[in-house]
>>> print(open('input32.cif').read())   # mmCIF, C-alpha atoms (C1' of nucleotides)
data_target
#
loop_
_atom_site.group_PDB
_atom_site.id
_atom_site.type_symbol
_atom_site.label_atom_id
_atom_site.label_comp_id
_atom_site.auth_asym_id
_atom_site.auth_seq_id
_atom_site.Cartn_x
_atom_site.Cartn_y
_atom_site.Cartn_z
ATOM 1 C CA MET X 562 0.000 0.000 0.000
ATOM 2 C CA LEU X 563 2.777 2.426 0.940
ATOM 3 C CA ARG X 564 4.672 1.483 -2.238
ATOM 4 C CA TYR X 565 1.558 2.151 -4.252
ATOM 5 C CA TYR X 566 1.049 5.572 -2.685
ATOM 6 C CA GLU X 567 4.683 6.322 -3.431
ATOM 7 C CA GLU X 568 4.267 5.180 -7.039
ATOM 8 C CA GLN X 569 1.278 7.504 -7.282
ATOM 9 C CA SER X 570 3.432 10.394 -6.038
ATOM 10 C CA LEU X 571 1.464 10.789 -2.833
ATOM 11 C CA LEU X 572 4.426 9.923 -0.680
ATOM 12 C CA ASP X 573 8.125 10.524 -1.035
ATOM 13 C CA PRO X 574 9.933 8.756 1.781
ATOM 14 C CA GLY X 575 13.655 9.385 1.847
ATOM 15 C CA ARG X 576 16.137 6.551 1.441
ATOM 16 C CA SER X 577 18.965 5.480 3.665
ATOM 17 C CA ASP X 578 22.342 4.583 2.172
ATOM 18 C CA ASN X 579 21.291 0.970 1.904
ATOM 19 C CA GLY X 580 18.230 1.890 -0.135
ATOM 20 C CA TYR X 581 15.753 1.440 2.687
ATOM 21 C CA ARG X 582 12.819 3.838 2.722
ATOM 22 C CA TRP X 583 12.587 6.240 5.586
ATOM 23 C CA TYR X 584 9.156 7.236 6.887
ATOM 24 C CA GLY X 585 9.145 10.186 9.270
ATOM 25 C CA GLU X 586 6.409 11.203 11.631
ATOM 26 C CA ALA X 587 4.955 13.476 8.964
ATOM 27 C CA ALA X 588 4.581 10.484 6.647
ATOM 28 C CA VAL X 589 2.409 8.747 9.228
ATOM 29 C CA VAL X 590 0.062 11.707 9.370
ATOM 30 C CA ARG X 591 0.083 11.975 5.616
ATOM 31 C CA VAL X 592 -0.797 8.307 5.189
ATOM 32 C CA GLN X 593 -3.710 8.687 7.601
ATOM 33 C CA GLN X 594 -4.910 11.632 5.602
ATOM 34 C CA ILE X 595 -4.570 9.752 2.313
ATOM 35 C CA ARG X 596 -6.383 6.705 3.636
ATOM 36 C CA GLY X 597 -9.189 8.855 4.943
ATOM 37 C CA LEU X 598 -9.633 10.536 1.605
ATOM 38 C CA LEU X 599 -9.444 7.267 -0.304
ATOM 39 C CA ASP X 600 -12.018 5.777 2.010
ATOM 40 C CA SER X 601 -14.197 8.809 1.342
ATOM 41 C CA GLY X 602 -14.210 8.177 -2.363
ATOM 42 C CA LEU X 603 -11.370 10.328 -3.691
ATOM 43 C CA THR X 604 -8.974 8.789 -6.183
ATOM 44 C CA THR X 605 -5.211 8.872 -5.890
ATOM 45 C CA GLU X 606 -5.140 11.164 -8.907
ATOM 46 C CA ILE X 607 -7.373 13.750 -7.237
ATOM 47 C CA ILE X 608 -5.530 13.407 -3.958
ATOM 48 C CA ARG X 609 -2.229 13.974 -5.703
ATOM 49 C CA ARG X 610 -3.579 17.147 -7.262
ATOM 50 C CA ILE X 611 -5.007 18.683 -4.096
ATOM 51 C CA LEU X 612 -2.411 17.382 -1.641
ATOM 52 C CA PRO X 613 -0.162 20.463 -1.880
ATOM 53 C CA PHE X 614 -3.072 22.629 -0.754
ATOM 54 C CA LEU X 615 -4.396 20.510 2.081
ATOM 55 C CA ASP X 616 -2.271 21.719 4.942
ATOM 56 C CA GLY X 617 -4.163 24.873 5.773
ATOM 57 C CA PRO X 618 -3.418 28.449 4.781
ATOM 58 C CA GLU X 619 -0.806 29.020 7.434
ATOM 59 C CA VAL X 620 1.495 26.572 5.683
ATOM 60 C CA ILE X 621 1.422 27.557 2.039
ATOM 61 C CA HIS X 622 3.227 24.981 -0.055
ATOM 62 C CA VAL X 623 2.555 26.503 -3.439
ATOM 63 C CA ALA X 624 3.370 30.104 -4.205
ATOM 64 C CA PRO X 625 0.136 32.015 -4.874
ATOM 65 C CA ALA X 626 1.696 33.413 -8.048
ATOM 66 C CA CYS X 627 1.806 30.040 -9.775
ATOM 67 C CA VAL X 628 -1.821 29.243 -9.067
ATOM 68 C CA THR X 629 -3.326 29.582 -12.516
ATOM 69 C CA ALA X 630 -6.995 30.234 -13.076
ATOM 70 C CA GLU X 631 -7.277 26.685 -14.372
ATOM 71 C CA LEU X 632 -5.807 25.242 -11.201
ATOM 72 C CA GLU X 633 -8.043 27.424 -9.114
ATOM 73 C CA GLY X 634 -11.030 26.134 -11.056
ATOM 74 C CA LEU X 635 -9.958 22.559 -10.470
ATOM 75 C CA LEU X 636 -9.631 23.271 -6.774
ATOM 76 C CA ARG X 637 -13.042 24.908 -6.544
ATOM 77 C CA GLY X 638 -14.585 22.055 -8.512
ATOM 78 C CA GLU X 639 -13.050 19.546 -6.156
ATOM 79 C CA VAL X 640 -14.344 21.487 -3.169
ATOM 80 C CA GLU X 641 -17.798 21.174 -4.687
ATOM 81 C CA ARG X 642 -17.491 17.438 -5.173
ATOM 82 C CA ILE X 643 -16.263 17.046 -1.617
ATOM 83 C CA GLN X 644 -19.157 19.140 -0.362
ATOM 84 C CA ALA X 645 -21.581 16.959 -2.306
ATOM 85 C CA ARG X 646 -20.176 13.907 -0.531
ATOM 86 C CA ILE X 647 -20.475 15.592 2.832
ATOM 87 C CA ASP X 648 -24.108 16.460 2.105
ATOM 88 C CA CYS X 649 -24.899 12.934 0.976
ATOM 89 C CA LEU X 650 -23.236 11.358 3.974
ATOM 90 C CA SER X 651 -24.830 13.815 6.407
ATOM 91 C CA ARG X 652 -28.285 13.180 5.001
ATOM 92 C CA ASN X 653 -27.936 9.447 5.343
ATOM 93 C CA ARG X 654 -26.305 9.625 8.741
ATOM 94 C CA ASP X 655 -29.212 11.744 9.937
ATOM 95 C CA ALA X 656 -31.698 9.221 8.592
ATOM 96 C CA LEU X 657 -29.832 6.434 10.350
ATOM 97 C CA VAL X 658 -29.650 8.132 13.737
ATOM 98 C CA ALA X 659 -33.277 9.218 13.398
ATOM 99 C CA TYR X 660 -34.237 5.616 12.779
ATOM 100 C CA LEU X 661 -32.219 4.435 15.739
ATOM 101 C CA ALA X 662 -33.815 7.078 17.948
ATOM 102 C CA ALA X 663 -37.267 6.109 16.727
ATOM 103 C CA VAL X 664 -36.768 2.403 17.232
ATOM 104 C CA ARG X 665 -35.071 2.681 20.599
ATOM 105 C CA PRO X 666 -36.084 5.974 22.191
ATOM 106 C CA GLU X 667 -34.592 5.146 25.577
ATOM 107 C CA SER X 668 -30.950 4.912 24.427
ATOM 108 C CA LEU X 669 -29.931 8.466 23.645
ATOM 109 C CA MET F 1063 -24.544 -0.445 -13.627
ATOM 110 C CA LEU F 1064 -28.258 -0.824 -12.957
ATOM 111 C CA ARG F 1065 -27.983 -4.580 -13.537
ATOM 112 C CA TYR F 1066 -25.126 -4.690 -11.082
ATOM 113 C CA TYR F 1067 -27.088 -2.815 -8.419
ATOM 114 C CA GLU F 1068 -29.932 -5.217 -9.010
ATOM 115 C CA GLU F 1069 -27.617 -8.208 -8.692
ATOM 116 C CA GLN F 1070 -26.387 -6.740 -5.399
ATOM 117 C CA SER F 1071 -29.988 -6.510 -4.160
ATOM 118 C CA LEU F 1072 -29.947 -2.723 -4.053
ATOM 119 C CA LEU F 1073 -32.654 -2.436 -6.659
ATOM 120 C CA ASP F 1074 -35.654 -4.536 -7.533
ATOM 121 C CA PRO F 1075 -37.261 -3.179 -10.667
ATOM 122 C CA GLY F 1076 -40.450 -4.936 -11.703
ATOM 123 C CA ARG F 1077 -40.755 -6.773 -14.985
ATOM 124 C CA SER F 1078 -43.245 -6.363 -17.776
ATOM 125 C CA ASP F 1079 -44.773 -9.394 -19.463
ATOM 126 C CA ASN F 1080 -42.019 -9.378 -22.060
ATOM 127 C CA GLY F 1081 -39.359 -9.542 -19.364
ATOM 128 C CA TYR F 1082 -38.312 -5.920 -19.634
ATOM 129 C CA ARG F 1083 -37.326 -4.219 -16.400
ATOM 130 C CA TRP F 1084 -39.496 -1.419 -15.139
ATOM 131 C CA TYR F 1085 -37.914 1.494 -13.278
ATOM 132 C CA GLY F 1086 -40.333 3.801 -11.506
ATOM 133 C CA GLU F 1087 -39.687 7.281 -10.256
ATOM 134 C CA ALA F 1088 -38.667 5.904 -6.870
ATOM 135 C CA ALA F 1089 -35.950 3.861 -8.549
ATOM 136 C CA VAL F 1090 -34.432 7.027 -9.975
ATOM 137 C CA VAL F 1091 -34.178 8.560 -6.525
ATOM 138 C CA ARG F 1092 -32.815 5.333 -5.127
ATOM 139 C CA VAL F 1093 -30.133 5.111 -7.797
ATOM 140 C CA GLN F 1094 -29.051 8.671 -7.052
ATOM 141 C CA GLN F 1095 -28.815 7.774 -3.404
ATOM 142 C CA ILE F 1096 -26.823 4.634 -4.138
ATOM 143 C CA ARG F 1097 -24.420 6.434 -6.442
ATOM 144 C CA GLY F 1098 -23.877 9.145 -3.879
ATOM 145 C CA LEU F 1099 -23.049 6.611 -1.205
ATOM 146 C CA LEU F 1100 -20.791 4.598 -3.501
ATOM 147 C CA ASP F 1101 -18.985 7.764 -4.487
ATOM 148 C CA SER F 1102 -18.554 8.525 -0.793
ATOM 149 C CA GLY F 1103 -16.757 5.285 -0.171
ATOM 150 C CA LEU F 1104 -19.489 2.899 0.977
ATOM 151 C CA THR F 1105 -19.569 -0.571 -0.536
ATOM 152 C CA THR F 1106 -22.622 -2.177 -2.079
ATOM 153 C CA GLU F 1107 -22.627 -4.613 0.815
ATOM 154 C CA ILE F 1108 -22.869 -1.873 3.423
ATOM 155 C CA ILE F 1109 -25.420 0.015 1.372
ATOM 156 C CA ARG F 1110 -27.555 -3.102 1.095
ATOM 157 C CA ARG F 1111 -27.469 -3.509 4.864
ATOM 158 C CA ILE F 1112 -28.390 0.060 5.758
ATOM 159 C CA LEU F 1113 -30.712 0.773 2.842
ATOM 160 C CA PRO F 1114 -33.905 -0.302 4.678
ATOM 161 C CA PHE F 1115 -33.188 2.301 7.356
ATOM 162 C CA LEU F 1116 -32.241 5.237 5.167
ATOM 163 C CA ASP F 1117 -35.630 6.735 4.481
ATOM 164 C CA GLY F 1118 -36.084 8.663 7.699
ATOM 165 C CA PRO F 1119 -38.015 7.710 10.821
ATOM 166 C CA GLU F 1120 -41.392 8.738 9.421
ATOM 167 C CA VAL F 1121 -41.218 5.868 6.945
ATOM 168 C CA ILE F 1122 -40.194 2.855 8.970
ATOM 169 C CA HIS F 1123 -39.457 -0.089 6.699
ATOM 170 C CA VAL F 1124 -38.378 -2.531 9.329
ATOM 171 C CA ALA F 1125 -40.456 -3.292 12.368
ATOM 172 C CA PRO F 1126 -38.627 -2.121 15.495
ATOM 173 C CA ALA F 1127 -39.280 -5.519 17.056
ATOM 174 C CA CYS F 1128 -36.983 -7.345 14.649
ATOM 175 C CA VAL F 1129 -34.091 -4.954 15.188
ATOM 176 C CA THR F 1130 -31.748 -7.157 17.164
ATOM 177 C CA ALA F 1131 -29.014 -5.774 19.350
ATOM 178 C CA GLU F 1132 -26.547 -7.028 16.800
ATOM 179 C CA LEU F 1133 -28.220 -5.153 13.976
ATOM 180 C CA GLU F 1134 -28.393 -2.052 16.091
ATOM 181 C CA GLY F 1135 -24.686 -2.341 16.767
ATOM 182 C CA LEU F 1136 -23.977 -2.664 13.085
ATOM 183 C CA LEU F 1137 -26.032 0.423 12.401
ATOM 184 C CA ARG F 1138 -24.306 2.456 15.088
ATOM 185 C CA GLY F 1139 -20.933 1.293 13.851
ATOM 186 C CA GLU F 1140 -21.800 2.363 10.352
ATOM 187 C CA VAL F 1141 -22.947 5.746 11.603
ATOM 188 C CA GLU F 1142 -19.535 6.119 13.176
ATOM 189 C CA ARG F 1143 -17.717 5.228 9.989
ATOM 190 C CA ILE F 1144 -19.868 7.667 8.054
ATOM 191 C CA GLN F 1145 -19.191 10.365 10.624
ATOM 192 C CA ALA F 1146 -15.463 9.710 10.314
ATOM 193 C CA ARG F 1147 -15.730 10.293 6.566
ATOM 194 C CA ILE F 1148 -17.673 13.498 7.095
ATOM 195 C CA ASP F 1149 -15.024 14.744 9.505
ATOM 196 C CA CYS F 1150 -12.200 13.864 7.137
ATOM 197 C CA LEU F 1151 -13.887 15.504 4.173
ATOM 198 C CA SER F 1152 -14.863 18.587 6.164
ATOM 199 C CA ARG F 1153 -11.320 19.031 7.426
ATOM 200 C CA ASN F 1154 -9.862 18.868 3.963
ATOM 201 C CA ARG F 1155 -12.556 21.010 2.414
ATOM 202 C CA ASP F 1156 -11.840 23.662 5.022
ATOM 203 C CA ALA F 1157 -8.135 23.533 4.251
ATOM 204 C CA LEU F 1158 -8.888 23.889 0.554
ATOM 205 C CA VAL F 1159 -11.207 26.867 0.881
ATOM 206 C CA ALA F 1160 -8.810 28.461 3.368
ATOM 207 C CA TYR F 1161 -6.058 28.121 0.835
ATOM 208 C CA LEU F 1162 -8.183 29.579 -1.911
ATOM 209 C CA ALA F 1163 -9.152 32.471 0.304
ATOM 210 C CA ALA F 1164 -5.520 33.072 1.230
ATOM 211 C CA VAL F 1165 -4.241 32.964 -2.310
ATOM 212 C CA ARG F 1166 -7.028 35.052 -3.813
ATOM 213 C CA PRO F 1167 -8.499 37.215 -1.070
ATOM 214 C CA GLU F 1168 -10.597 39.307 -3.446
ATOM 215 C CA SER F 1169 -12.796 36.472 -4.734
ATOM 216 C CA LEU F 1170 -15.014 35.547 -1.830
ATOM 217 C "C1'" DT B 706 -42.652 -7.937 -43.444
ATOM 218 C "C1'" DT B 707 -38.492 -6.359 -42.874
ATOM 219 C "C1'" DG B 708 -35.523 -2.783 -40.442
ATOM 220 C "C1'" DG B 709 -34.158 -0.490 -36.598
ATOM 221 C "C1'" DA B 710 -34.096 0.448 -31.844
ATOM 222 C "C1'" DC B 711 -34.688 -1.169 -27.844
ATOM 223 C "C1'" DC B 712 -34.517 -5.008 -24.438
ATOM 224 C "C1'" DT B 713 -32.743 -9.571 -22.440
ATOM 225 C "C1'" DT B 714 -28.639 -12.729 -20.586
ATOM 226 C "C1'" DC B 715 -24.000 -14.038 -20.421
ATOM 227 C "C1'" DA B 716 -19.225 -13.654 -20.733
ATOM 228 C "C1'" DC B 717 -15.288 -10.746 -20.629
ATOM 229 C "C1'" DA B 718 -12.473 -6.657 -20.142
ATOM 230 C "C1'" DT B 719 -11.181 -2.724 -17.563
ATOM 231 C "C1'" DC B 720 -9.645 0.194 -13.731
ATOM 232 C "C1'" DA B 721 -8.275 1.356 -9.017
ATOM 233 C "C1'" DG B 722 -6.608 -0.059 -4.740
ATOM 234 C "C1'" DT B 723 -4.621 -3.732 -2.302
ATOM 235 C "C1'" DG B 724 -2.343 -8.145 -1.159
ATOM 236 C "C1'" DT B 725 1.095 -11.858 -1.931
ATOM 237 C "C1'" DG B 726 5.053 -14.253 -2.955
ATOM 238 C "C1'" DA B 727 9.554 -15.051 -5.112
ATOM 239 C "C1'" DA B 728 14.532 -13.704 -5.466
ATOM 240 C "C1'" DG B 729 17.857 -11.316 -3.565
ATOM 241 C "C1'" DG B 730 20.457 -7.477 -0.435
ATOM 242 C "C1'" DC B 731 21.642 -5.654 4.189
ATOM 243 C "C1'" DA B 732 22.350 -5.889 9.141
ATOM 244 C "C1'" DA B 733 22.358 -7.369 13.743
ATOM 245 C "C1'" DA B 734 22.542 -11.508 16.831
ATOM 246 C "C1'" DT B 735 24.123 -16.225 17.652
ATOM 247 C "C1'" DA V 1000 30.078 -17.507 9.362
ATOM 248 C "C1'" DT V 1001 25.555 -18.472 9.448
ATOM 249 C "C1'" DT V 1002 21.062 -17.582 10.765
ATOM 250 C "C1'" DT V 1003 17.193 -14.454 11.245
ATOM 251 C "C1'" DG V 1004 14.534 -10.759 9.888
ATOM 252 C "C1'" DC V 1005 13.430 -6.948 7.504
ATOM 253 C "C1'" DC V 1006 14.260 -4.530 3.419
ATOM 254 C "C1'" DT V 1007 14.391 -4.138 -1.814
ATOM 255 C "C1'" DT V 1008 12.111 -4.883 -6.680
ATOM 256 C "C1'" DC V 1009 9.175 -7.227 -9.663
ATOM 257 C "C1'" DA V 1010 5.402 -9.771 -11.095
ATOM 258 C "C1'" DC V 1011 1.170 -11.476 -10.437
ATOM 259 C "C1'" DA V 1012 -3.543 -12.120 -8.395
ATOM 260 C "C1'" DC V 1013 -7.546 -10.369 -6.271
ATOM 261 C "C1'" DT V 1014 -11.804 -7.542 -5.319
ATOM 262 C "C1'" DG V 1015 -15.410 -4.114 -6.353
ATOM 263 C "C1'" DA V 1016 -17.590 -1.184 -9.547
ATOM 264 C "C1'" DT V 1017 -18.184 -0.472 -14.293
ATOM 265 C "C1'" DG V 1018 -18.119 -0.971 -19.380
ATOM 266 C "C1'" DT V 1019 -18.521 -3.713 -23.665
ATOM 267 C "C1'" DG V 1020 -19.948 -6.824 -26.972
ATOM 268 C "C1'" DA V 1021 -22.144 -10.990 -28.778
ATOM 269 C "C1'" DA V 1022 -26.509 -13.660 -29.565
ATOM 270 C "C1'" DG V 1023 -31.007 -13.424 -29.428
ATOM 271 C "C1'" DG V 1024 -36.050 -11.613 -28.189
ATOM 272 C "C1'" DT V 1025 -39.652 -7.804 -28.620
ATOM 273 C "C1'" DC V 1026 -41.952 -4.021 -30.517
ATOM 274 C "C1'" DC V 1027 -42.982 -0.316 -33.576
ATOM 275 C "C1'" DA V 1028 -42.777 2.065 -37.802
ATOM 276 C "C1'" DA V 1029 -41.926 2.261 -42.837
#
>>> encode(input="input32.cif", output="structure tokens")
Amino acid sequence: MLRYYEEQSLLDPGRSDNGYRWYGEAAVVRVQQIRGLLDSGLTTEIIRRILPFLDGPEVIHVAPACVTAELEGLLRGEVERIQARIDCLSRNRDALVAYLAAVRPESL
Amino acid sequence: MLRYYEEQSLLDPGRSDNGYRWYGEAAVVRVQQIRGLLDSGLTTEIIRRILPFLDGPEVIHVAPACVTAELEGLLRGEVERIQARIDCLSRNRDALVAYLAAVRPESL
DNA sequence: TTGGACCTTCACATCAGTGTGAAGGCAAAT
DNA sequence: ATTTGCCTTCACACTGATGTGAAGGTCCAA
């Protein structure tokens, strides 16, 4: 799995002299993030594209100057798709908890 | 795709005399729901299991009496997994919009 | 009544993400 | 020095969701 993420340019663990990969603490966090997004329906291709922008505005990995209008559009489009997923999941979660509450009112 | 959903017991379109499938208006809504959930990382197996409980508490498809503790546990577990996805997606959406706002403050 | 446009089933192919196992290198312990 | 264990690469297999295409049935319109 880690090799696959690396092949997909989602990860870039350093190498020791002997050729062994080196995963730092940041890689662990990154892998958790990747797995969460994959499990939420994003593809590695999309993740690769938005990954440089996912660490919050305080840590800007890509110079604002080189953010083309096209890239910005891609980003906004992806935000929309993510929002659509959130809406879908929220709706269905609500239905589920409502059902549970209706069927077993005592256990809140 | 529709045949696959049917094979997975997510859909049960009626048949005309000639054997043709019949998709009503409800099927359209159901397919949208299924596609949304699939796109959000649920599997057909999970969807099949929770589908009878997804239509809100006002339309109860399964008698409360036959909701075993085990089933209830499954449902609650699935709610948790869905919530985890929502959290993950929300986090990353926030990071994305924060980045966009930081890089292009004029376009709100 | 013969096309054409749809439907059926069935069998495969595809793609993404993941797992597995062989063949061999490196390193620390026995 | 040899064993043990983890690492490397490479190749292959698997699963889930989807697409495709053949072989044939049904219906409607020219």
>>> interface_residues(input="input32.cif", of="chain F", to="chain X", cutoff="9 Å", atoms="all atoms listed in the file", output="PyMOL selection string")
chain F and resi 1095+1098-1104+1112+1115-1120+1122+1125-1127+1129+1134+1137-1138+1140-1142+1144-1166
>>> axis_aligned_box(input="input32.cif", around="region 1126-1129 of chain F", padding_each_side="6 Å", output="AutoDock Vina command-line options")
--center_x -36.7 --center_y -4.7 --center_z 15.9 --size_x 17.2 --size_y 17.2 --size_z 14.4
>>> closest_atom_pairs(input="input32.cif", of="chain V", to="chain F", cutoff="12 Å", atoms="all atoms listed in the file", output="JSON lines")
{"residue": "V:DT1014", "atom": "C1'", "partner": "F:Thr1105", "partner_atom": "CA", "distance": 11.5}
{"residue": "V:DG1015", "atom": "C1'", "partner": "F:Thr1105", "partner_atom": "CA", "distance": 8.0}
{"residue": "V:DA1016", "atom": "C1'", "partner": "F:Met1063", "partner_atom": "CA", "distance": 8.1}
{"residue": "V:DT1017", "atom": "C1'", "partner": "F:Met1063", "partner_atom": "CA", "distance": 6.4}
{"residue": "V:DG1018", "atom": "C1'", "partner": "F:Met1063", "partner_atom": "CA", "distance": 8.6}
{"residue": "V:DG1024", "atom": "C1'", "partner": "F:Asn1080", "partner_atom": "CA", "distance": 8.8}
{"residue": "V:DT1025", "atom": "C1'", "partner": "F:Asn1080", "partner_atom": "CA", "distance": 7.1}
{"residue": "V:DC1026", "atom": "C1'", "partner": "F:Asn1080", "partner_atom": "CA", "distance": 10.0}
>>> residues_near_point(input="input32.cif", point="(10.1, -12.4, -6.1)", cutoff="12 Å", atoms="only C-alpha atoms (C1' of nucleotides)", output="PyMOL selection string")
(chain B and resi 725-729) or (chain V and resi 1007-1011)
>>> write_last_selection(input="input32.cif", atoms="C-alpha atoms (C1' of nucleotides)", output="JSON list (two decimals), in the coordinates of the input")
[["chain", "number", "residue", "atom", "x", "y", "z"],
["B", 725, "DT", "C1'", 1.10, -11.86, -1.93],
["B", 726, "DG", "C1'", 5.05, -14.25, -2.96],
["B", 727, "DA", "C1'", 9.55, -15.05, -5.11],
["B", 728, "DA", "C1'", 14.53, -13.70, -5.47],
["B", 729, "DG", "C1'", 17.86, -11.32, -3.56],
["V", 1007, "DT", "C1'", 14.39, -4.14, -1.81],
["V", 1008, "DT", "C1'", 12.11, -4.88, -6.68],
["V", 1009, "DC", "C1'", 9.18, -7.23, -9.66],
["V", 1010, "DA", "C1'", 5.40, -9.77, -11.10],
["V", 1011, "DC", "C1'", 1.17, -11.48, -10.44]]
>>> atom_distance(input="input32.cif", atom1="C1' of DA710 (chain B)", atom2="C1' of DG1023 (chain V)")
14.4 Å
>>> interface_residues(input="input32.cif", of="chain B", to="chain F", cutoff="12 Å", atoms="all atoms listed in the file", output="PyMOL selection string")
chain B and resi 711-714
>>> resolve_selection(input="input32.cif", expression="the PyMOL selection byres ((chain B and resi 707) around 12)", output="PyMOL selection string")
(chain B and resi 706+708-709) or (chain V and resi 1027-1029)
>>> residues_near_point(input="input32.cif", point="(-17.4, -4.0, -29.0)", cutoff="12 Å", atoms="all atoms listed in the file", output="JSON, numbers by chain")
{"B": [717, 718], "V": [1018, 1019, 1020, 1021]}
>>> residues_around(input="input32.cif", residues="DG1004 (chain V)", least_positions_apart="4", cutoff="12 Å", atoms="all atoms listed in the file", output="ChimeraX atom specification")
/B:731-734
>>> atom_distance(input="input32.cif", atom1="CA of Ala1131 (chain F)", atom2="CA of Arg1110 (chain F)")
18.5 Å
>>> atom_distance(input="input32.cif", atom1="CA of Tyr1085 (chain F)", atom2="CA of Arg1065 (chain F)")
11.6 Å
>>> build_atoms(input="input32.cif", residues="region 1133-1150 of chain F", atoms="N, CA and C atoms", output="mmCIF file, keeping the file's coordinate frame")
data_model
loop_
_atom_site.group_PDB
_atom_site.id
_atom_site.type_symbol
_atom_site.label_atom_id
_atom_site.label_comp_id
_atom_site.auth_asym_id
_atom_site.auth_seq_id
_atom_site.Cartn_x
_atom_site.Cartn_y
_atom_site.Cartn_z
ATOM 1 N N LEU F 1133 -27.925 -6.058 15.081
ATOM 2 C CA LEU F 1133 -28.220 -5.153 13.976
ATOM 3 C C LEU F 1133 -28.038 -3.709 14.406
ATOM 4 N N GLU F 1134 -28.532 -3.411 15.586
ATOM 5 C CA GLU F 1134 -28.393 -2.052 16.091
ATOM 6 C C GLU F 1134 -26.918 -1.665 16.206
ATOM 7 N N GLY F 1135 -26.116 -2.597 16.671
ATOM 8 C CA GLY F 1135 -24.686 -2.341 16.767
ATOM 9 C C GLY F 1135 -24.078 -2.060 15.410
ATOM 10 N N LEU F 1136 -24.461 -2.871 14.450
ATOM 11 C CA LEU F 1136 -23.977 -2.664 13.085
ATOM 12 C C LEU F 1136 -24.330 -1.268 12.595
ATOM 13 N N LEU F 1137 -25.567 -0.896 12.841
ATOM 14 C CA LEU F 1137 -26.032 0.423 12.401
ATOM 15 C C LEU F 1137 -25.227 1.541 13.060
ATOM 16 N N ARG F 1138 -25.051 1.414 14.376
ATOM 17 C CA ARG F 1138 -24.306 2.456 15.088
ATOM 18 C C ARG F 1138 -22.862 2.499 14.599
ATOM 19 N N GLY F 1139 -22.300 1.332 14.375
ATOM 20 C CA GLY F 1139 -20.933 1.293 13.851
ATOM 21 C C GLY F 1139 -20.833 1.994 12.511
ATOM 22 N N GLU F 1140 -21.833 1.763 11.685
ATOM 23 C CA GLU F 1140 -21.800 2.363 10.352
ATOM 24 C C GLU F 1140 -21.980 3.876 10.441
ATOM 25 N N VAL F 1141 -22.811 4.302 11.381
ATOM 26 C CA VAL F 1141 -22.947 5.746 11.603
ATOM 27 C C VAL F 1141 -21.588 6.339 11.966
ATOM 28 N N GLU F 1142 -20.854 5.625 12.783
ATOM 29 C CA GLU F 1142 -19.535 6.119 13.176
ATOM 30 C C GLU F 1142 -18.595 6.229 11.987
ATOM 31 N N ARG F 1143 -18.600 5.203 11.162
ATOM 32 C CA ARG F 1143 -17.717 5.228 9.989
ATOM 33 C C ARG F 1143 -18.115 6.360 9.043
ATOM 34 N N ILE F 1144 -19.400 6.577 8.907
ATOM 35 C CA ILE F 1144 -19.868 7.667 8.054
ATOM 36 C C ILE F 1144 -19.435 9.005 8.644
ATOM 37 N N GLN F 1145 -19.589 9.127 9.965
ATOM 38 C CA GLN F 1145 -19.191 10.365 10.624
ATOM 39 C C GLN F 1145 -17.698 10.615 10.440
ATOM 40 N N ALA F 1146 -16.911 9.552 10.503
ATOM 41 C CA ALA F 1146 -15.463 9.710 10.314
ATOM 42 C C ALA F 1146 -15.179 10.272 8.925
ATOM 43 N N ARG F 1147 -15.913 9.775 7.929
ATOM 44 C CA ARG F 1147 -15.730 10.293 6.566
ATOM 45 C C ARG F 1147 -16.110 11.761 6.494
ATOM 46 N N ILE F 1148 -17.238 12.096 7.111
ATOM 47 C CA ILE F 1148 -17.673 13.498 7.095
ATOM 48 C C ILE F 1148 -16.598 14.382 7.714
ATOM 49 N N ASP F 1149 -16.047 13.945 8.832
ATOM 50 C CA ASP F 1149 -15.024 14.744 9.505
ATOM 51 C C ASP F 1149 -13.803 14.928 8.609
ATOM 52 N N CYS F 1150 -13.371 13.815 8.013
ATOM 53 C CA CYS F 1150 -12.200 13.864 7.137
ATOM 54 C C CYS F 1150 -12.444 14.816 5.980
#
